[in-house]
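Next comes protein20.tsv, with TSV, C-alpha atoms.
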```tsv
chain	number	residue	atom	x	y	z
Z	1	MET	CA	19.37	-67.09	-49.19
Z	2	ARG	CA	17.46	-64.52	-51.14
Z	3	GLN	CA	19.49	-61.54	-52.26
Z	4	ILE	CA	18.12	-58.07	-51.71
Z	5	HIS	CA	18.03	-55.89	-54.73
Z	6	PRO	CA	19.64	-52.44	-54.34
Z	7	ARG	CA	16.29	-50.88	-55.26
Z	8	GLN	CA	14.60	-52.79	-52.44
Z	9	THR	CA	17.36	-51.61	-50.11
Z	10	ARG	CA	16.57	-47.97	-51.06
Z	11	VAL	CA	12.87	-48.56	-50.44
Z	12	LEU	CA	13.60	-50.14	-47.08
Z	13	LEU	CA	15.92	-47.30	-46.09
Z	14	THR	CA	13.35	-44.71	-47.16
Z	15	CYS	CA	10.70	-46.49	-45.09
Z	16	LEU	CA	13.07	-46.70	-42.15
Z	17	ILE	CA	14.06	-43.00	-42.32
Z	18	GLY	CA	10.39	-42.06	-42.86
Z	19	GLY	CA	9.45	-44.16	-39.85
Z	20	ILE	CA	12.11	-42.51	-37.67
Z	21	ALA	CA	11.05	-39.06	-38.90
Z	22	ALA	CA	7.38	-39.83	-38.13
Z	23	ALA	CA	8.36	-41.11	-34.68
Z	24	THR	CA	10.42	-37.97	-34.10
Z	25	LEU	CA	7.51	-35.79	-35.21
Z	26	VAL	CA	5.19	-37.60	-32.81
Z	27	ALA	CA	7.70	-37.21	-30.02
Z	28	CYS	CA	8.20	-33.50	-30.65
Z	29	THR	CA	4.61	-32.38	-31.19
Z	30	PRO	CA	4.70	-28.95	-29.59
Z	31	THR	CA	2.01	-28.10	-27.10
Z	32	VAL	CA	1.24	-24.43	-26.68
Z	33	LYS	CA	-0.83	-23.58	-23.67
Z	34	VAL	CA	-1.74	-20.03	-22.91
Z	35	GLU	CA	-2.43	-19.85	-19.23
Z	36	ALA	CA	-2.49	-16.78	-17.02
Z	37	PRO	CA	0.03	-17.11	-14.19
Z	38	ASP	CA	-1.74	-17.99	-10.98
Z	39	LYS	CA	0.25	-15.45	-8.99
Z	40	PRO	CA	-1.28	-11.99	-8.52
Z	41	ILE	CA	0.38	-8.72	-9.54
Z	42	VAL	CA	2.15	-7.55	-6.40
Z	43	ILE	CA	2.55	-3.82	-5.81
Z	44	ASN	CA	4.71	-2.75	-2.90
Z	45	LEU	CA	4.92	0.88	-1.84
Z	46	ASN	CA	7.17	2.08	0.96
Z	47	VAL	CA	6.68	5.69	1.96
Z	48	LYS	CA	8.78	7.39	4.59
Z	49	ILE	CA	7.27	10.61	5.84
Z	50	GLU	CA	9.74	13.14	7.12
Z	51	GLN	CA	7.65	16.26	7.34
Z	52	GLU	CA	8.75	17.38	10.75
Z	53	VAL	CA	12.28	18.46	9.85
Z	54	ARG	CA	11.08	20.59	6.92
Z	55	VAL	CA	8.40	22.28	8.99
Z	56	LYS	CA	10.91	23.14	11.71
Z	57	VAL	CA	13.30	24.70	9.22
Z	58	ASP	CA	10.46	26.63	7.57
Z	59	ARG	CA	9.31	27.94	10.92
Z	60	ASP	CA	12.85	28.94	11.82
Z	61	VAL	CA	13.07	30.83	8.54
Z	62	ASP	CA	9.72	32.44	9.28
Z	63	THR	CA	10.92	33.62	12.71
Z	64	LEU	CA	14.19	34.86	11.25
Z	65	LEU	CA	12.36	36.80	8.59
Z	66	GLN	CA	10.08	38.40	11.13
Z	67	SER	CA	13.05	39.61	13.17
Z	68	ASN	CA	15.03	40.67	10.06
Z	69	PRO	CA	12.50	41.83	7.47
Z	70	ASN	CA	15.21	43.05	5.07
Z	71	LEU	CA	17.17	39.79	5.02
Z	72	PHE	CA	16.07	38.87	1.51
C	1	MET	CA	-19.71	5.90	14.50
C	2	ALA	CA	-22.66	4.11	13.03
C	3	GLY	CA	-22.70	0.38	13.62
C	4	SER	CA	-19.24	0.20	15.12
C	5	HIS	CA	-17.96	-0.33	18.62
C	6	ALA	CA	-14.66	0.66	20.21
C	7	GLY	CA	-13.62	-0.17	23.75
C	8	ILE	CA	-10.61	-0.51	25.99
C	9	ALA	CA	-10.07	-3.78	27.82
C	10	PRO	CA	-9.17	-4.09	30.64
C	11	ALA	CA	-10.61	-0.67	31.50
C	12	GLU	CA	-8.37	0.04	34.47
C	13	ILE	CA	-5.93	2.90	34.18
C	14	ALA	CA	-3.54	3.87	36.97
C	15	LEU	CA	-2.71	7.51	36.39
C	16	ASN	CA	0.16	7.75	38.83
C	17	ALA	CA	2.11	4.72	37.72
C	18	LEU	CA	2.85	2.66	34.69
C	19	LEU	CA	0.18	0.14	34.00
C	20	ASP	CA	0.55	-3.36	35.36
C	21	ARG	CA	-1.47	-4.77	32.55
C	22	GLU	CA	-1.38	-3.50	29.04
C	23	PRO	CA	-4.81	-2.40	27.89
C	24	ALA	CA	-5.99	-3.20	24.42
C	25	LEU	CA	-8.13	-1.03	22.22
C	26	ASN	CA	-10.71	-3.32	20.69
C	27	ILE	CA	-12.45	-2.18	17.56
C	28	ASP	CA	-15.45	-4.04	16.30
C	29	GLN	CA	-17.06	-3.45	12.92
C	30	LEU	CA	-15.54	-0.03	12.31
C	31	SER	CA	-16.81	1.34	9.02
C	32	VAL	CA	-14.00	1.67	6.46
C	33	SER	CA	-15.75	4.77	5.15
C	34	GLU	CA	-15.67	6.39	8.61
C	35	LEU	CA	-12.04	5.38	9.09
C	36	PHE	CA	-11.00	7.06	5.85
C	37	LYS	CA	-12.97	10.18	6.80
C	38	ILE	CA	-11.05	10.35	10.09
C	39	ALA	CA	-7.74	9.80	8.28
C	40	GLY	CA	-8.64	12.82	6.14
C	41	VAL	CA	-6.83	11.60	3.02
C	42	ALA	CA	-8.39	13.48	0.12
C	43	GLY	CA	-9.84	11.22	-2.55
C	44	LEU	CA	-9.87	8.06	-0.39
C	45	SER	CA	-13.20	6.34	0.25
C	46	GLY	CA	-14.38	2.81	0.85
C	47	GLU	CA	-17.04	0.32	1.82
C	48	GLY	CA	-16.90	-2.46	4.37
C	49	ALA	CA	-15.95	-2.81	8.01
C	50	ILE	CA	-12.87	-3.78	9.98
C	51	SER	CA	-12.33	-5.28	13.41
C	52	GLY	CA	-9.26	-5.89	15.48
C	53	THR	CA	-7.18	-5.12	18.52
C	54	ALA	CA	-4.51	-2.55	19.29
C	55	PRO	CA	-2.38	-3.48	22.33
C	56	ILE	CA	-1.38	-0.13	23.84
C	57	THR	CA	0.85	0.95	26.70
C	58	LEU	CA	0.34	4.37	28.21
C	59	PHE	CA	3.24	6.43	29.47
C	60	PRO	CA	3.16	9.97	30.86
C	61	ASN	CA	4.93	11.21	27.74
C	62	GLY	CA	3.21	9.16	25.13
C	63	ILE	CA	1.75	5.90	23.95
C	64	ILE	CA	3.19	2.68	22.59
C	65	VAL	CA	1.23	0.59	20.14
C	66	ASP	CA	2.57	-2.91	19.79
C	67	HIS	CA	1.54	-4.83	16.70
C	68	ALA	CA	-2.01	-3.56	16.34
C	69	GLN	CA	-3.88	-5.42	13.65
C	70	PHE	CA	-7.27	-4.78	12.10
C	71	ALA	CA	-8.77	-6.88	9.34
C	72	ALA	CA	-11.81	-6.61	7.14
C	73	ASP	CA	-14.73	-8.76	8.26
C	74	ALA	CA	-15.90	-9.33	4.70
C	75	PRO	CA	-14.97	-8.28	1.16
C	76	GLY	CA	-15.47	-4.61	0.38
C	77	VAL	CA	-14.40	-1.78	-1.89
C	78	LEU	CA	-11.64	0.80	-1.64
C	79	ARG	CA	-11.45	3.79	-4.00
C	80	TYR	CA	-8.69	6.32	-4.36
C	81	ASP	CA	-9.17	9.17	-6.78
C	82	ALA	CA	-5.75	9.71	-8.40
C	83	GLN	CA	-6.82	13.24	-9.39
C	84	GLN	CA	-6.74	14.17	-5.72
C	85	ALA	CA	-3.42	12.47	-4.99
C	86	PRO	CA	-0.58	14.73	-3.78
C	87	ALA	CA	1.82	15.82	-6.53
C	88	ALA	CA	4.60	13.75	-4.93
C	89	LEU	CA	2.55	10.59	-5.59
C	90	SER	CA	1.05	11.36	-8.98
C	91	THR	CA	4.47	12.23	-10.41
C	92	ALA	CA	6.37	9.41	-8.70
C	93	GLY	CA	6.73	7.23	-11.79
C	94	SER	CA	4.99	4.44	-13.65
C	95	SER	CA	4.89	1.91	-10.80
C	96	VAL	CA	3.11	4.36	-8.50
C	97	GLY	CA	0.86	5.33	-11.41
C	98	MET	CA	0.01	1.64	-11.82
C	99	ALA	CA	-0.80	1.39	-8.12
C	100	LEU	CA	-3.04	4.46	-8.31
C	101	GLN	CA	-4.80	2.98	-11.33
C	102	ALA	CA	-5.41	-0.32	-9.49
C	103	LEU	CA	-6.71	1.55	-6.44
C	104	SER	CA	-9.21	3.63	-8.42
C	105	ASP	CA	-11.88	0.97	-7.80
C	106	PHE	CA	-10.36	-1.86	-5.79
C	107	HIS	CA	-12.64	-4.73	-4.79
C	108	TYR	CA	-10.78	-6.28	-1.89
C	109	LYS	CA	-11.21	-9.79	-0.59
C	110	GLU	CA	-8.72	-9.22	2.18
C	111	LEU	CA	-7.77	-5.98	3.95
C	112	ILE	CA	-5.36	-5.87	6.85
C	113	VAL	CA	-4.13	-2.75	8.62
C	114	THR	CA	-1.19	-3.02	11.01
C	115	LEU	CA	0.16	-0.32	13.29
C	116	ASP	CA	3.21	0.01	15.50
C	117	ARG	CA	4.15	3.13	17.39
C	118	LYS	CA	7.21	3.71	19.53
C	119	LEU	CA	7.39	6.11	22.44
C	120	THR	CA	9.52	8.44	20.29
C	121	GLY	CA	6.53	8.94	18.00
C	122	ASP	CA	7.99	6.90	15.16
C	123	ALA	CA	5.24	4.77	13.75
C	124	GLU	CA	4.75	2.21	11.02
C	125	LEU	CA	1.41	1.82	9.35
C	126	GLY	CA	0.94	-1.12	7.02
C	127	LEU	CA	-1.91	-1.71	4.62
C	128	HIS	CA	-2.24	-5.05	2.87
C	129	ILE	CA	-5.08	-5.55	0.45
C	130	SER	CA	-5.70	-8.29	-2.04
C	131	GLY	CA	-8.44	-8.43	-4.61
C	132	SER	CA	-8.94	-6.91	-8.03
C	133	ASN	CA	-10.10	-3.90	-9.98
C	134	PRO	CA	-12.56	-4.85	-12.77
C	135	SER	CA	-11.09	-2.16	-15.04
C	136	PHE	CA	-7.43	-2.95	-14.29
C	137	TYR	CA	-6.04	-5.75	-16.52
C	138	ASN	CA	-9.53	-7.24	-16.79
C	139	GLY	CA	-9.83	-7.80	-13.09
C	140	TYR	CA	-6.54	-9.67	-12.76
C	141	PRO	CA	-5.74	-10.42	-9.08
C	142	VAL	CA	-3.66	-7.73	-7.41
C	143	GLU	CA	-1.93	-7.69	-4.06
C	144	PHE	CA	-1.10	-4.28	-2.69
C	145	ASN	CA	1.24	-3.60	0.21
C	146	LEU	CA	1.67	-0.06	1.50
C	147	ASN	CA	4.08	0.71	4.27
C	148	LEU	CA	4.08	4.19	5.77
C	149	SER	CA	6.72	5.12	8.30
C	150	GLY	CA	7.54	8.27	10.20
C	151	LYS	CA	5.97	10.40	12.88
C	152	LEU	CA	2.53	9.68	11.49
C	153	ASP	CA	0.27	11.04	14.24
C	154	GLU	CA	2.17	14.33	14.12
C	155	VAL	CA	1.70	14.46	10.35
C	156	LEU	CA	-2.02	13.75	10.73
C	157	ARG	CA	-2.34	16.50	13.34
C	158	LYS	CA	-0.53	19.05	11.21
C	159	GLY	CA	-2.27	17.98	8.04
C	160	LEU	CA	-0.84	16.38	4.97
C	161	ALA	CA	-0.57	19.62	3.05
C	162	GLY	CA	2.94	21.00	2.78
C	163	TYR	CA	3.91	24.05	4.76
C	164	ARG	CA	3.55	27.13	2.60
C	165	LEU	CA	6.54	29.15	1.55
C	166	PRO	CA	6.54	32.25	3.75
C	167	SER	CA	4.76	34.98	1.82
C	168	ILE	CA	7.61	37.44	2.30
C	169	ILE	CA	10.05	35.15	0.41
C	170	GLU	CA	7.46	34.63	-2.30
C	171	GLU	CA	7.03	38.39	-2.71
C	172	ARG	CA	10.79	38.98	-2.89
C	173	LEU	CA	11.18	36.21	-5.46
C	174	ASN	CA	8.44	37.77	-7.57
C	175	GLU	CA	10.22	41.12	-7.37
C	176	LEU	CA	13.44	39.50	-8.65
C	177	GLN	CA	11.76	37.94	-11.68
```
Starting from the file, lay out its structure as structure tokens.
Amino acid sequence: MRQIHPRQTRVLLTCLIGGIAAATLVACTPTVKVEAPDKPIVINLNVKIEQEVRVKVDRDVDTLLQSNPNLF
Amino acid sequence: MAGSHAGIAPAEIALNALLDREPALNIDQLSVSELFKIAGVAGLSGEGAISGTAPITLFPNGIIVDHAQFAADAPGVLRYDAQQAPAALSTAGSSVGMALQALSDFHYKELIVTLDRKLTGDAELGLHISGSNPSFYNGYPVEFNLNLSGKLDEVLRKGLAGYRLPSIIEERLNELQ
């Protein structure tokens, strides 16, 4: 049986490691895709209008002021 | 209103009793521009037309609107001038500012208006629009949902402007300063 020289062993190992590294590189090739999300920007606005209470108070104040002009 | 048609079906109203059948207010091809003029919201204008049905029930002391829905017949445009927005809106923060920016020239593909009104006067008005503004994020698609609740018809009758501080208080405050 032919004996393998230590130098040949180093070459073989280098090739093997190089091969594994190349395979790893191929496997991990990053893919960067810039794509706009397909979902739209959603804006939700909830507005509760409570004008009535304020108007009533203001009118009450108005009436009060008319009956008592020197209140303030 | 030019080009539009509104009618009540069935057109049978018993004045001395509650209605056996609920009438429906049918609106066909109502101009969005006319609608916004009636609403009287300063700075709001639009193009296009909407159609739909409002199921209503009449009572001696008021009206009930049950899930009224109107939708745009075709794509159109909605514009809201932020300069004319009430102070409460224009100073409400960045998200509202973003909404106002998107609405400055909104090209809608879909526009749906919903309305519910209880006998107490409490109403909910919903506006759903989807489309884009060419000058807002390069025309990126936007979906906008506005939900207004409260005694809306009363607010519309009295106007959206706030009630002025009685002049006498104003004068006294000025004297104090």
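The space between atom CA of Leu25 of chain C and atom CA of Lys109 of chain C spans 24.6 Å.
In chain Z, the set of residues within 6 Å of chain C (atoms considered: all atoms listed in the file) is Pro40, Ile41, Val42, Ile43, Asn44, Leu45, Asn46, Val47, Lys48 and Ile49 of chain Z.
The interatomic distance for the pair atom CA of Asp116 of chain C and atom CA of Asn133 of chain C works out to 29.0 Å.
Between atom CA of Lys118 of chain C and atom CA of Ala54 of chain C the interatomic distance comes to 13.3 Å.
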